[in-house]
Each structure stands twice: as structure tokens, then as C-alpha cells.
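Text of entry22.cif, listed as mmCIF, C-alpha atoms:
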data_start
loop_
_atom_site.group_PDB
_atom_site.id
_atom_site.type_symbol
_atom_site.label_atom_id
_atom_site.label_comp_id
_atom_site.auth_asym_id
_atom_site.auth_seq_id
_atom_site.Cartn_x
_atom_site.Cartn_y
_atom_site.Cartn_z
ATOM 1 C CA MET A 1 0.000 0.000 0.000
ATOM 2 C CA ASP A 2 1.439 3.362 -1.079
ATOM 3 C CA ILE A 3 2.377 5.672 1.826
ATOM 4 C CA LYS A 4 1.710 8.712 -0.346
ATOM 5 C CA ALA A 5 -1.781 7.456 -1.156
ATOM 6 C CA LEU A 6 -2.480 6.977 2.549
ATOM 7 C CA ARG A 7 -1.224 10.499 3.257
ATOM 8 C CA TYR A 8 -3.504 11.926 0.555
ATOM 9 C CA PHE A 9 -6.464 9.944 1.902
ATOM 10 C CA VAL A 10 -5.911 11.126 5.493
ATOM 11 C CA GLU A 11 -5.569 14.744 4.391
ATOM 12 C CA LEU A 12 -8.765 14.503 2.366
ATOM 13 C CA VAL A 13 -10.703 13.124 5.343
ATOM 14 C CA ASN A 14 -9.222 15.734 7.683
ATOM 15 C CA GLN A 15 -10.045 18.613 5.348
ATOM 16 C CA GLN A 16 -13.443 17.234 4.264
ATOM 17 C CA SER A 17 -12.855 18.877 0.909
ATOM 18 C CA PHE A 18 -10.965 17.926 -2.249
ATOM 19 C CA THR A 19 -10.204 21.603 -2.842
ATOM 20 C CA ARG A 20 -8.731 22.231 0.630
ATOM 21 C CA ALA A 21 -6.860 18.918 0.566
ATOM 22 C CA SER A 22 -5.260 19.766 -2.777
ATOM 23 C CA GLU A 23 -4.193 23.156 -1.410
ATOM 24 C CA GLN A 24 -2.628 21.564 1.671
ATOM 25 C CA LEU A 25 -0.860 18.872 -0.361
ATOM 26 C CA PHE A 26 0.142 21.165 -3.250
ATOM 27 C CA VAL A 27 -1.283 18.747 -5.801
ATOM 28 C CA THR A 28 -4.257 18.832 -8.148
ATOM 29 C CA GLN A 29 -7.661 17.442 -7.224
ATOM 30 C CA PRO A 30 -7.465 14.796 -10.004
ATOM 31 C CA THR A 31 -4.220 13.555 -8.433
ATOM 32 C CA ILE A 32 -5.974 13.016 -5.113
ATOM 33 C CA SER A 33 -8.912 11.305 -6.840
ATOM 34 C CA LYS A 34 -6.512 8.986 -8.677
ATOM 35 C CA MET A 35 -4.774 8.055 -5.413
ATOM 36 C CA ILE A 36 -8.106 7.300 -3.718
ATOM 37 C CA ARG A 37 -9.222 5.120 -6.644
ATOM 38 C CA SER A 38 -5.917 3.266 -6.489
ATOM 39 C CA LEU A 39 -6.449 2.508 -2.810
ATOM 40 C CA GLU A 40 -10.023 1.359 -3.447
ATOM 41 C CA GLN A 41 -8.892 -0.961 -6.234
ATOM 42 C CA GLU A 42 -6.168 -2.395 -4.009
ATOM 43 C CA ILE A 43 -8.519 -3.245 -1.136
ATOM 44 C CA GLU A 44 -11.398 -4.023 -3.549
ATOM 45 C CA GLN A 45 -13.814 -1.888 -1.521
ATOM 46 C CA PRO A 46 -14.994 1.724 -1.713
ATOM 47 C CA LEU A 47 -13.533 4.093 0.891
ATOM 48 C CA LEU A 48 -16.005 6.934 0.460
ATOM 49 C CA HIS A 49 -19.715 7.403 0.019
ATOM 50 C CA ARG A 50 -20.149 10.235 -2.488
ATOM 51 C CA GLU A 51 -23.122 12.535 -2.984
ATOM 52 C CA GLY A 52 -22.317 15.494 -5.203
ATOM 53 C CA ARG A 53 -19.453 17.337 -3.513
ATOM 54 C CA ARG A 54 -20.223 15.702 -0.177
ATOM 55 C CA PHE A 55 -18.575 12.496 0.963
ATOM 56 C CA TRP A 56 -18.254 10.390 4.080
ATOM 57 C CA LEU A 57 -16.369 7.268 5.063
ATOM 58 C CA THR A 58 -17.549 3.740 4.392
ATOM 59 C CA ASP A 59 -16.833 1.090 7.010
ATOM 60 C CA ALA A 60 -13.725 0.131 5.040
ATOM 61 C CA GLY A 61 -12.794 3.805 4.794
ATOM 62 C CA GLU A 62 -12.982 4.192 8.562
ATOM 63 C CA VAL A 63 -10.663 1.197 9.080
ATOM 64 C CA VAL A 64 -8.169 2.450 6.503
ATOM 65 C CA TYR A 65 -8.270 5.980 7.948
ATOM 66 C CA GLN A 66 -7.533 4.838 11.513
ATOM 67 C CA ARG A 67 -4.723 2.498 10.400
ATOM 68 C CA ALA A 68 -3.311 5.155 8.085
ATOM 69 C CA LEU A 69 -3.044 7.583 11.012
ATOM 70 C CA GLU A 70 -0.972 5.015 12.896
ATOM 71 C CA ILE A 71 1.237 4.233 9.892
ATOM 72 C CA LEU A 72 1.885 7.903 9.120
ATOM 73 C CA ALA A 73 2.699 8.608 12.767
ATOM 74 C CA GLN A 74 5.212 5.742 12.742
ATOM 75 C CA MET A 75 6.743 6.996 9.504
ATOM 76 C CA SER A 76 7.028 10.495 10.958
ATOM 77 C CA GLN A 77 8.721 9.086 14.051
ATOM 78 C CA LEU A 78 11.167 7.080 11.903
ATOM 79 C CA GLU A 79 12.044 10.173 9.881
ATOM 80 C CA ALA A 80 12.570 12.194 13.072
ATOM 81 C CA GLU A 81 14.899 9.571 14.512
ATOM 82 C CA LEU A 82 16.987 9.435 11.334
ATOM 83 C CA VAL A 83 17.209 13.190 10.799
ATOM 84 C CA ASP A 84 18.478 14.192 14.238
ATOM 85 C CA LEU A 85 20.622 11.281 15.362
ATOM 86 C CA ASN A 86 23.442 13.307 16.819
ATOM 87 C CA GLN A 87 23.368 17.077 17.174
ATOM 88 C CA VAL A 88 20.615 19.666 17.180
ATOM 89 C CA LYS A 89 21.759 21.456 14.051
ATOM 90 C CA ARG A 90 18.495 21.615 12.163
ATOM 91 C CA GLY A 91 14.966 20.411 12.605
ATOM 92 C CA GLN A 92 11.682 21.517 14.097
ATOM 93 C CA LEU A 93 10.294 21.857 17.591
ATOM 94 C CA HIS A 94 6.521 21.839 17.976
ATOM 95 C CA LEU A 95 6.023 23.510 21.355
ATOM 96 C CA GLY A 96 2.652 23.861 23.089
ATOM 97 C CA ILE A 97 2.085 26.857 25.375
ATOM 98 C CA PRO A 98 -1.339 28.079 26.634
ATOM 99 C CA PRO A 99 -2.032 31.784 25.970
ATOM 100 C CA MET A 100 -1.601 32.752 29.640
ATOM 101 C CA VAL A 101 1.773 31.043 29.939
ATOM 102 C CA GLY A 102 3.704 32.377 26.958
ATOM 103 C CA HIS A 103 4.969 35.675 28.364
ATOM 104 C CA LEU A 104 6.473 33.916 31.406
ATOM 105 C CA TYR A 105 8.769 31.840 29.210
ATOM 106 C CA ALA A 106 9.572 34.387 26.507
ATOM 107 C CA GLY A 107 13.129 34.634 27.847
ATOM 108 C CA LEU A 108 13.565 30.869 27.733
ATOM 109 C CA ILE A 109 12.251 30.765 24.168
ATOM 110 C CA ARG A 110 14.698 33.511 23.209
ATOM 111 C CA GLN A 111 17.560 31.562 24.814
ATOM 112 C CA TYR A 112 16.570 28.421 22.887
ATOM 113 C CA ARG A 113 16.527 30.354 19.606
ATOM 114 C CA GLN A 114 19.952 31.836 20.313
ATOM 115 C CA THR A 115 21.405 28.426 21.205
ATOM 116 C CA TYR A 116 19.803 26.565 18.274
ATOM 117 C CA PRO A 117 19.319 29.217 15.578
ATOM 118 C CA HIS A 118 18.611 26.729 12.780
ATOM 119 C CA VAL A 119 15.781 24.938 14.570
ATOM 120 C CA GLU A 120 12.356 26.020 13.344
ATOM 121 C CA LEU A 121 10.223 26.721 16.403
ATOM 122 C CA ASN A 122 6.477 26.181 15.926
ATOM 123 C CA ILE A 123 4.487 27.422 18.933
ATOM 124 C CA VAL A 124 0.934 26.148 19.364
ATOM 125 C CA GLU A 125 -1.310 28.071 21.783
ATOM 126 C CA TYR A 126 -3.878 25.628 23.165
ATOM 127 C CA GLY A 127 -5.572 25.295 26.528
ATOM 128 C CA GLY A 128 -4.190 22.682 28.912
ATOM 129 C CA ARG A 129 -6.667 19.918 28.054
ATOM 130 C CA LYS A 130 -6.150 20.306 24.315
ATOM 131 C CA ILE A 131 -2.388 20.450 24.793
ATOM 132 C CA GLU A 132 -2.416 17.104 26.617
ATOM 133 C CA GLN A 133 -4.397 15.537 23.776
ATOM 134 C CA ALA A 134 -2.101 17.083 21.178
ATOM 135 C CA ILE A 135 0.916 15.506 22.931
ATOM 136 C CA LEU A 136 -0.812 12.112 22.974
ATOM 137 C CA ASN A 137 -1.752 12.454 19.288
ATOM 138 C CA GLY A 138 1.799 13.384 18.301
ATOM 139 C CA GLU A 139 0.813 16.857 17.048
ATOM 140 C CA ILE A 140 3.305 18.605 19.341
ATOM 141 C CA ASP A 141 6.579 17.409 20.874
ATOM 142 C CA VAL A 142 6.583 19.029 24.292
ATOM 143 C CA ALA A 143 4.517 21.635 26.143
ATOM 144 C CA VAL A 144 4.582 24.021 29.082
ATOM 145 C CA THR A 145 1.195 23.919 30.790
ATOM 146 C CA MET A 146 -0.687 23.812 34.074
ATOM 147 C CA LEU A 147 -0.028 20.369 35.536
ATOM 148 C CA SER A 148 -3.048 18.244 36.338
ATOM 149 C CA PRO A 149 -3.435 16.669 39.821
ATOM 150 C CA HIS A 150 -4.409 13.476 37.996
ATOM 151 C CA PRO A 151 -1.488 12.825 35.613
ATOM 152 C CA ILE A 152 -2.092 10.801 32.458
ATOM 153 C CA ASP A 153 -0.144 7.527 32.311
ATOM 154 C CA ASN A 154 1.423 8.174 28.900
ATOM 155 C CA LEU A 155 2.737 11.624 29.823
ATOM 156 C CA ARG A 156 5.956 12.500 31.610
ATOM 157 C CA SER A 157 6.217 15.809 33.439
ATOM 158 C CA LEU A 158 8.742 18.192 34.946
ATOM 159 C CA SER A 159 7.592 20.734 37.534
ATOM 160 C CA LEU A 160 8.734 24.299 36.777
ATOM 161 C CA ASP A 161 6.941 27.105 38.651
ATOM 162 C CA SER A 162 3.976 27.726 40.934
ATOM 163 C CA TYR A 163 1.880 30.874 41.420
ATOM 164 C CA PRO A 164 -1.350 31.618 43.330
ATOM 165 C CA ILE A 165 -4.597 32.229 41.487
ATOM 166 C CA CYS A 166 -6.329 35.503 42.387
ATOM 167 C CA ALA A 167 -9.912 36.712 42.010
ATOM 168 C CA VAL A 168 -10.454 39.680 39.698
ATOM 169 C CA LEU A 169 -13.478 41.703 40.875
ATOM 170 C CA PRO A 170 -15.174 45.031 40.095
ATOM 171 C CA ASP A 171 -13.638 48.046 41.835
ATOM 172 C CA SER A 172 -16.627 48.548 44.141
ATOM 173 C CA SER A 173 -18.101 47.631 47.511
ATOM 174 C CA PRO A 174 -18.118 45.221 49.250
ATOM 175 C CA TRP A 175 -14.901 43.898 47.677
ATOM 176 C CA LYS A 176 -12.795 46.986 48.445
ATOM 177 C CA GLN A 177 -12.853 46.404 52.188
ATOM 178 C CA GLN A 178 -11.783 42.763 52.062
ATOM 179 C CA GLU A 179 -8.215 41.517 52.235
ATOM 180 C CA ALA A 180 -9.070 38.085 50.821
ATOM 181 C CA ILE A 181 -12.113 36.412 49.266
ATOM 182 C CA GLY A 182 -13.672 33.151 50.451
ATOM 183 C CA TRP A 183 -15.218 30.876 47.852
ATOM 184 C CA GLU A 184 -18.626 30.983 49.574
ATOM 185 C CA GLN A 185 -18.764 34.740 49.019
ATOM 186 C CA LEU A 186 -18.818 34.208 45.253
ATOM 187 C CA GLN A 187 -21.739 31.800 44.990
ATOM 188 C CA ASN A 188 -24.159 34.511 43.786
ATOM 189 C CA GLU A 189 -21.675 36.150 41.404
ATOM 190 C CA PRO A 190 -21.538 35.540 37.642
ATOM 191 C CA PHE A 191 -18.338 33.647 36.796
ATOM 192 C CA TYR A 192 -16.266 34.510 33.730
ATOM 193 C CA LEU A 193 -14.212 31.376 33.088
ATOM 194 C CA TYR A 194 -11.861 29.966 30.506
ATOM 195 C CA THR A 195 -13.131 27.486 27.955
ATOM 196 C CA HIS A 196 -13.270 23.790 28.782
ATOM 197 C CA ASP A 197 -9.887 23.331 27.047
ATOM 198 C CA PHE A 198 -8.226 25.006 30.039
ATOM 199 C CA THR A 199 -7.245 22.948 33.091
ATOM 200 C CA LEU A 200 -7.794 25.967 35.358
ATOM 201 C CA SER A 201 -11.529 25.941 34.615
ATOM 202 C CA ASP A 202 -11.809 22.446 36.103
ATOM 203 C CA TYR A 203 -9.888 23.553 39.195
ATOM 204 C CA ILE A 204 -12.208 26.485 39.812
ATOM 205 C CA HIS A 205 -15.328 24.395 39.257
ATOM 206 C CA SER A 206 -14.055 21.746 41.693
ATOM 207 C CA PHE A 207 -13.267 24.319 44.394
ATOM 208 C CA CYS A 208 -16.772 25.762 44.108
ATOM 209 C CA LEU A 209 -18.333 22.307 44.465
ATOM 210 C CA GLN A 210 -16.157 21.624 47.511
ATOM 211 C CA HIS A 211 -17.591 24.775 49.090
ATOM 212 C CA GLY A 212 -21.173 23.837 48.497
ATOM 213 C CA PHE A 213 -22.234 25.528 45.272
ATOM 214 C CA THR A 214 -22.121 25.258 41.501
ATOM 215 C CA PRO A 215 -20.654 28.371 39.844
ATOM 216 C CA GLN A 216 -22.995 30.477 37.713
ATOM 217 C CA VAL A 217 -20.956 30.610 34.506
ATOM 218 C CA ALA A 218 -22.002 33.721 32.586
ATOM 219 C CA ALA A 219 -19.331 33.573 29.860
ATOM 220 C CA ARG A 220 -16.306 31.586 28.724
ATOM 221 C CA SER A 221 -13.324 32.686 26.647
ATOM 222 C CA SER A 222 -9.786 31.575 25.838
ATOM 223 C CA GLN A 223 -8.633 35.207 26.159
ATOM 224 C CA TRP A 224 -7.851 36.311 29.709
ATOM 225 C CA ASP A 225 -7.953 40.027 28.851
ATOM 226 C CA PHE A 226 -11.511 39.649 27.536
ATOM 227 C CA LEU A 227 -12.563 38.051 30.843
ATOM 228 C CA VAL A 228 -11.047 41.006 32.700
ATOM 229 C CA ALA A 229 -12.963 43.388 30.423
ATOM 230 C CA LEU A 230 -16.203 41.638 31.411
ATOM 231 C CA VAL A 231 -15.393 42.215 35.092
ATOM 232 C CA LYS A 232 -14.811 45.905 34.349
ATOM 233 C CA SER A 233 -18.454 46.134 33.310
ATOM 234 C CA GLY A 234 -19.237 46.174 37.014
ATOM 235 C CA VAL A 235 -20.372 42.682 37.952
ATOM 236 C CA GLY A 236 -18.947 39.169 38.142
ATOM 237 C CA VAL A 237 -15.610 37.546 38.874
ATOM 238 C CA ALA A 238 -12.733 36.182 36.813
ATOM 239 C CA PHE A 239 -9.593 34.373 37.937
ATOM 240 C CA LEU A 240 -6.001 35.062 36.919
ATOM 241 C CA PRO A 241 -2.589 33.736 37.930
ATOM 242 C CA GLU A 242 -0.641 36.202 40.030
ATOM 243 C CA PRO A 243 1.890 37.112 37.250
ATOM 244 C CA LEU A 244 -0.953 38.256 34.992
ATOM 245 C CA CYS A 245 -2.569 40.168 37.838
ATOM 246 C CA ARG A 246 0.491 42.425 37.968
ATOM 247 C CA ARG A 247 -0.342 43.543 34.442
ATOM 248 C CA ILE A 248 -3.878 44.744 35.272
ATOM 249 C CA GLN A 249 -3.268 46.579 38.558
ATOM 250 C CA GLY A 250 -4.915 50.004 38.465
ATOM 251 C CA GLU A 251 -7.110 49.188 35.460
ATOM 252 C CA GLY A 252 -10.483 49.569 37.158
ATOM 253 C CA VAL A 253 -10.585 46.153 38.806
ATOM 254 C CA LEU A 254 -9.619 44.707 42.173
ATOM 255 C CA VAL A 255 -7.245 41.777 42.569
ATOM 256 C CA LYS A 256 -7.810 39.722 45.721
ATOM 257 C CA PRO A 257 -6.246 36.476 46.991
ATOM 258 C CA MET A 258 -8.556 33.493 47.444
ATOM 259 C CA THR A 259 -8.933 31.485 50.655
ATOM 260 C CA PRO A 260 -8.259 28.639 50.373
ATOM 261 C CA SER A 261 -6.006 29.351 47.434
ATOM 262 C CA ILE A 262 -5.471 27.571 44.130
ATOM 263 C CA ASP A 263 -1.921 27.159 42.906
ATOM 264 C CA TRP A 264 -1.163 27.608 39.231
ATOM 265 C CA HIS A 265 1.380 24.798 39.005
ATOM 266 C CA LEU A 266 3.239 25.000 35.713
ATOM 267 C CA GLY A 267 5.351 22.263 34.262
ATOM 268 C CA LEU A 268 6.674 20.566 31.172
ATOM 269 C CA ILE A 269 4.916 17.539 29.647
ATOM 270 C CA TRP A 270 5.896 15.154 26.857
ATOM 271 C CA HIS A 271 4.996 11.657 25.701
ATOM 272 C CA ALA A 272 6.405 8.935 27.951
ATOM 273 C CA GLU A 273 6.604 6.209 25.298
ATOM 274 C CA ARG A 274 7.139 7.986 21.981
ATOM 275 C CA TYR A 275 10.558 8.928 20.647
ATOM 276 C CA VAL A 276 11.618 12.373 21.904
ATOM 277 C CA SER A 277 13.356 14.346 19.157
ATOM 278 C CA ARG A 278 16.724 15.986 19.744
ATOM 279 C CA THR A 279 15.083 19.385 19.434
ATOM 280 C CA ALA A 280 12.592 18.484 22.183
ATOM 281 C CA GLU A 281 15.348 16.998 24.357
ATOM 282 C CA ALA A 282 17.242 20.275 24.031
ATOM 283 C CA TRP A 283 14.177 22.214 25.219
ATOM 284 C CA ILE A 284 13.682 19.849 28.166
ATOM 285 C CA GLU A 285 17.339 20.218 29.200
ATOM 286 C CA LEU A 286 17.084 24.001 28.970
ATOM 287 C CA CYS A 287 14.033 23.944 31.260
ATOM 288 C CA LYS A 288 15.893 21.709 33.732
ATOM 289 C CA MET A 289 18.817 24.139 33.790
ATOM 290 C CA GLN A 290 16.476 27.069 34.471
ATOM 291 C CA LYS A 291 14.790 25.133 37.276
ATOM 292 C CA GLN A 292 18.169 24.534 38.943
ATOM 293 C CA GLN A 293 19.075 28.216 38.930
ATOM 294 C CA PRO A 294 18.502 30.047 42.266
#
Please rewrite the model in this file as C-alpha cells.
Amino acid sequence: MDIKALRYFVELVNQQSFTRASEQLFVTQPTISKMIRSLEQEIEQPLLHREGRRFWLTDAGEVVYQRALEILAQMSQLEAELVDLNQVKRGQLHLGIPPMVGHLYAGLIRQYRQTYPHVELNIVEYGGRKIEQAILNGEIDVAVTMLSPHPIDNLRSLSLDSYPICAVLPDSSPWKQQEAIGWEQLQNEPFYLYTHDFTLSDYIHSFCLQHGFTPQVAARSSQWDFLVALVKSGVGVAFLPEPLCRRIQGEGVLVKPMTPSIDWHLGLIWHAERYVSRTAEAWIELCKMQKQQP
């Protein structure tokens, strides 16, 4: 079975369009159609149900698609192992960093680029949950993210930093007079939370349940500055790690510690069983060196 044909088939299914698949593969649509027909003739079964421009997988197509994903992942791993056997001279690093985390490690990213100038750095900004899945799927090599209290078996981790999570509240009574905020005090407030892709959202939800109430989620966003803007409207609460809180002091909101507090525990994660590229190993070693510094 032709690897190229499998690659074309997977891209077609992923894109759900012959036009978009041809653009991604830099080939013509007839070339993709020819490859699909070749696969169908080889297995003597149709892979796609077709209805005009629409198509969907047959049972055989589903089997071939799932196996093709595995084969292509193995081929990609083989190529990675052969390309960077010795030194990190060239290559790619697919690095996952949630939007809230990036600015904290900008210096480390700059140091990596200076040390390995010929490595192409591809940064993917996902929430923590999506980052974990992307590591497991082989989409990214390594990620800096909020560590989960329930680690996944196939992931290795390295603890890096920890910061408290603070409540962001309107600059008004009764919040002004309080040094810290208890969770029970927020049970009647609208919550502005991150999307379900973010590990922090689960933490906050769990803390609310532990204190006897379900949070009233008024809005969700992947953008922390948008959540702060909602608080500025005069009602509700958002939650930010302490480093981000420093950036919004004096902007019409109050920043208060929570009791009991949540720690924003950041760390490095990568696949425990898959081959770790030299470029990813170099990033991991750089993070270890930073962790050891006083």
C-alpha cells in the first residue's frame, strides 16, 4: 500500500474537501482522486460514500483511515529519529504553550533560539486539556502547561513554577474592604471562566463544588484580557494567575487572593513512550537548567 496514497487519503478526510486537501498537499484534485481510486482498487472496496461534492467514510474507509493515522505517525517518528541522530543542528520543535503562559517563558524561548538558531520553532497556543491531547496524538513534541493533579499515564512531566490564582473583581463595595475572598462569598456572582480546554476551569469548578455551590458561569473565553474586560463592566468575577494580575493593577478592577487558594502549578509535559526528538530533548534540558538556577 502506497504511503503517499495513505497520506492523501488522510488529508482529504481531515479537510473534508478535495479543494482544501489539494491546497494543503500542493497537488491537483485529479491527483488526489486517482490516489483514492488506487487505494479502493487495491482493497477491492470503496472508501467513500459520495453525494455530489459531499462524501463520508464507508466502514472500510474508517478502518483504513484509523490504520493510516498510525502508519503515518510511525513513519514520521522514523524520519525524526533518522534526521536528528546526533546534534541539534536543524529540525523543528513543535512547542505547546497556553495563551496565559507564553509571556512567562519568553526569555527561555529567546535563549533556545539563540542556542539553536537553525531549529524552526512552531508554537501552538492551546488550553491545557487540548495540549495534553495534542501531545498524545503526536501533534506537538513538548509543552509548558498547568499540571493536572491526575497525571495521564502516557505523559511524563517536569515541575517548573507555581503561582497563586487571584480573584479579579469590580472596583466597588463590598470587595474593596476585604483583604481576601472566600469561595462561599462568590456563589451569587456571575463567573467569567476559561473554555473547557483550560485545566484551570476544572480547578475552579471543583473548588466551588467543595464549598457547596455550583458556579454560575455567565461567559467563557480563551482570552484572559476579555474576561477582565467583562469584570470591568461592574459585575462578576474572573480568575487570573498572580503574574498576569500584575499587568492589570490600576485598570479599574480589584485583585484579591482566594482562601483557600489555588496554585497555578506549571510544568513541562511530553509523551512517555514515543521517541523524543533531539530538538525536544534540548528544550527539556534548557528547562531543567532554568529550574536549577537560584
Residues around (14.7, 18.3, 19.6), cut-off 12 Å, counting all atoms listed in the file - what are they as a short mmCIF file (atom, residue, chain, number, x, y, z; two decimals) with C-alpha atoms, in the coordinates of the input?
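Printed below is part-v5.cif as written:
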data_model
loop_
_atom_site.label_atom_id
_atom_site.label_comp_id
_atom_site.auth_asym_id
_atom_site.auth_seq_id
_atom_site.Cartn_x
_atom_site.Cartn_y
_atom_site.Cartn_z
CA ALA A 80 12.57 12.19 13.07
CA GLU A 81 14.90 9.57 14.51
CA VAL A 83 17.21 13.19 10.80
CA ASP A 84 18.48 14.19 14.24
CA LEU A 85 20.62 11.28 15.36
CA ASN A 86 23.44 13.31 16.82
CA GLN A 87 23.37 17.08 17.17
CA VAL A 88 20.62 19.67 17.18
CA LYS A 89 21.76 21.46 14.05
CA ARG A 90 18.50 21.62 12.16
CA GLY A 91 14.97 20.41 12.60
CA GLN A 92 11.68 21.52 14.10
CA LEU A 93 10.29 21.86 17.59
CA HIS A 94 6.52 21.84 17.98
CA LEU A 95 6.02 23.51 21.36
CA TYR A 112 16.57 28.42 22.89
CA TYR A 116 19.80 26.56 18.27
CA HIS A 118 18.61 26.73 12.78
CA VAL A 119 15.78 24.94 14.57
CA GLU A 120 12.36 26.02 13.34
CA LEU A 121 10.22 26.72 16.40
CA ASN A 122 6.48 26.18 15.93
CA ILE A 140 3.30 18.60 19.34
CA ASP A 141 6.58 17.41 20.87
CA VAL A 142 6.58 19.03 24.29
CA TRP A 270 5.90 15.15 26.86
CA TYR A 275 10.56 8.93 20.65
CA VAL A 276 11.62 12.37 21.90
CA SER A 277 13.36 14.35 19.16
CA ARG A 278 16.72 15.99 19.74
CA THR A 279 15.08 19.39 19.43
CA ALA A 280 12.59 18.48 22.18
CA GLU A 281 15.35 17.00 24.36
CA ALA A 282 17.24 20.27 24.03
CA TRP A 283 14.18 22.21 25.22
CA ILE A 284 13.68 19.85 28.17
CA GLU A 285 17.34 20.22 29.20
CA LEU A 286 17.08 24.00 28.97
#
### Message
One decimal, in Å: what's the spacing between atom CA of Val228 of chain A and atom CA of Val168 of chain A?
### Response
7.1 Å
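Among the candidate residues A:Arg37, A:His49, A:Arg20, A:His265, the one lying nearest to Tyr163 of chain A is A:His265, with distances computed using all atoms listed in the file.
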Kindly provide the residues of segment 126-183 of chain A that approach segment 68-75 of chain A to within 10 Å, each paired with its closest atom pair and their distance in Å to one decimal, based on all atoms listed in the file, listed by chain and increasing number, as JSON lines.
{"residue": "A:Asn137", "atom": "CA", "partner": "A:Ala73", "partner_atom": "CA", "distance": 8.8}
{"residue": "A:Gly138", "atom": "CA", "partner": "A:Ala73", "partner_atom": "CA", "distance": 7.4}
{"residue": "A:Glu139", "atom": "CA", "partner": "A:Ala73", "partner_atom": "CA", "distance": 9.5}
Go ahead and dump the residues you just picked, C-alpha atoms, as a PDB file, in the coordinates of the input.
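For reference, out35.pdb as written:
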ATOM      1  CA  ASN A 137      -1.752  12.454  19.288  1.00  0.00           C
ATOM      2  CA  GLY A 138       1.799  13.384  18.301  1.00  0.00           C
ATOM      3  CA  GLU A 139       0.813  16.857  17.048  1.00  0.00           C
TER       4      GLU A 139
END
### Query
Within 6 Å of segment 169-185 of chain A, counting all atoms listed in the file, which residues qualify if same-chain residues fewer than 2 places away don't, as a ChimeraX atom specification?
/A:187,231-232,234,237,252-254,256-259
### Task
Please write as JSON, numbers by chain the full residue list that the PyMOL selection byres ((chain A and resi 212-222) around 10) yields on this file.
{"A": [98, 99, 100, 126, 127, 183, 184, 186, 187, 188, 189, 190, 191, 192, 193, 194, 195, 196, 197, 198, 201, 204, 205, 206, 207, 208, 209, 210, 211, 223, 224, 225, 226, 227, 230, 236, 237, 238]}
### Task
To verify the selection step, state as number ranges by chain which residues the PyMOL selection byres ((chain A and resi 21) around 12) yields on this input.
A: 7-20, 22-33
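Of the residues listed (A:Leu82, A:Cys245, A:Ile269, A:Ala60), A:Ile269 shows the shortest atom-to-atom separation from Gly96 of chain A; distances use only C-alpha atoms.
With distances taken from (0.3, 13.7, 28.8) and restricted to all atoms listed in the file, the residues inside 7 Å are Glu132, Ile135, Leu136, Ile152, Asn154, Leu155, Arg156, Ile269, Trp270 and His271 of chain A.
Interatomic distance, atom CA of Leu78 of chain A against atom CA of Ile3 of chain A: 13.4 Å.
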### Message
Just to confirm, what's the straight-line distance from atom CA of Leu108 of chain A to atom CA of Phe239 of chain A in Å (one decimal)?
### Response
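Going from atom CA of Leu108 of chain A over to atom CA of Phe239 of chain A covers 25.5 Å.
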Output segment 218-223 of chain A with all heavy atoms present, as an mmCIF file, in the frame of the given file.
data_model
loop_
_atom_site.group_PDB
_atom_site.id
_atom_site.type_symbol
_atom_site.label_atom_id
_atom_site.label_comp_id
_atom_site.auth_asym_id
_atom_site.auth_seq_id
_atom_site.Cartn_x
_atom_site.Cartn_y
_atom_site.Cartn_z
ATOM 1 N N ALA A 218 -21.332 32.764 33.464
ATOM 2 C CA ALA A 218 -22.002 33.721 32.586
ATOM 3 C C ALA A 218 -21.343 33.781 31.208
ATOM 4 O O ALA A 218 -22.000 34.092 30.216
ATOM 5 C CB ALA A 218 -21.990 35.109 33.217
ATOM 6 N N ALA A 219 -20.046 33.507 31.144
ATOM 7 C CA ALA A 219 -19.331 33.573 29.860
ATOM 8 C C ALA A 219 -18.038 32.784 29.966
ATOM 9 O O ALA A 219 -17.466 32.639 31.053
ATOM 10 C CB ALA A 219 -19.030 35.022 29.483
ATOM 11 N N ARG A 220 -17.591 32.280 28.821
ATOM 12 C CA ARG A 220 -16.306 31.586 28.724
ATOM 13 C C ARG A 220 -15.515 32.163 27.563
ATOM 14 O O ARG A 220 -16.078 32.550 26.541
ATOM 15 C CB ARG A 220 -16.480 30.082 28.520
ATOM 16 C CG ARG A 220 -17.067 29.339 29.715
ATOM 17 C CD ARG A 220 -17.121 27.839 29.455
ATOM 18 N NE ARG A 220 -17.733 27.119 30.553
ATOM 19 C CZ ARG A 220 -17.075 26.673 31.617
ATOM 20 N NH1 ARG A 220 -15.759 26.859 31.692
ATOM 21 N NH2 ARG A 220 -17.688 26.026 32.572
ATOM 22 N N SER A 221 -14.198 32.196 27.718
ATOM 23 C CA SER A 221 -13.324 32.686 26.647
ATOM 24 C C SER A 221 -11.937 32.094 26.838
ATOM 25 O O SER A 221 -11.535 31.750 27.958
ATOM 26 C CB SER A 221 -13.252 34.215 26.668
ATOM 27 O OG SER A 221 -12.306 34.681 25.718
ATOM 28 N N SER A 222 -11.186 32.002 25.749
ATOM 29 C CA SER A 222 -9.786 31.575 25.838
ATOM 30 C C SER A 222 -8.862 32.775 26.061
ATOM 31 O O SER A 222 -7.665 32.600 26.252
ATOM 32 C CB SER A 222 -9.378 30.841 24.555
ATOM 33 O OG SER A 222 -9.506 31.700 23.436
ATOM 34 N N GLN A 223 -9.432 33.985 26.043
ATOM 35 C CA GLN A 223 -8.633 35.207 26.159
ATOM 36 C C GLN A 223 -8.805 35.817 27.551
ATOM 37 O O GLN A 223 -9.893 36.295 27.892
ATOM 38 C CB GLN A 223 -9.051 36.214 25.085
ATOM 39 C CG GLN A 223 -8.950 35.683 23.671
ATOM 40 C CD GLN A 223 -7.529 35.276 23.303
ATOM 41 O OE1 GLN A 223 -6.580 35.978 23.619
ATOM 42 N NE2 GLN A 223 -7.393 34.136 22.629
#
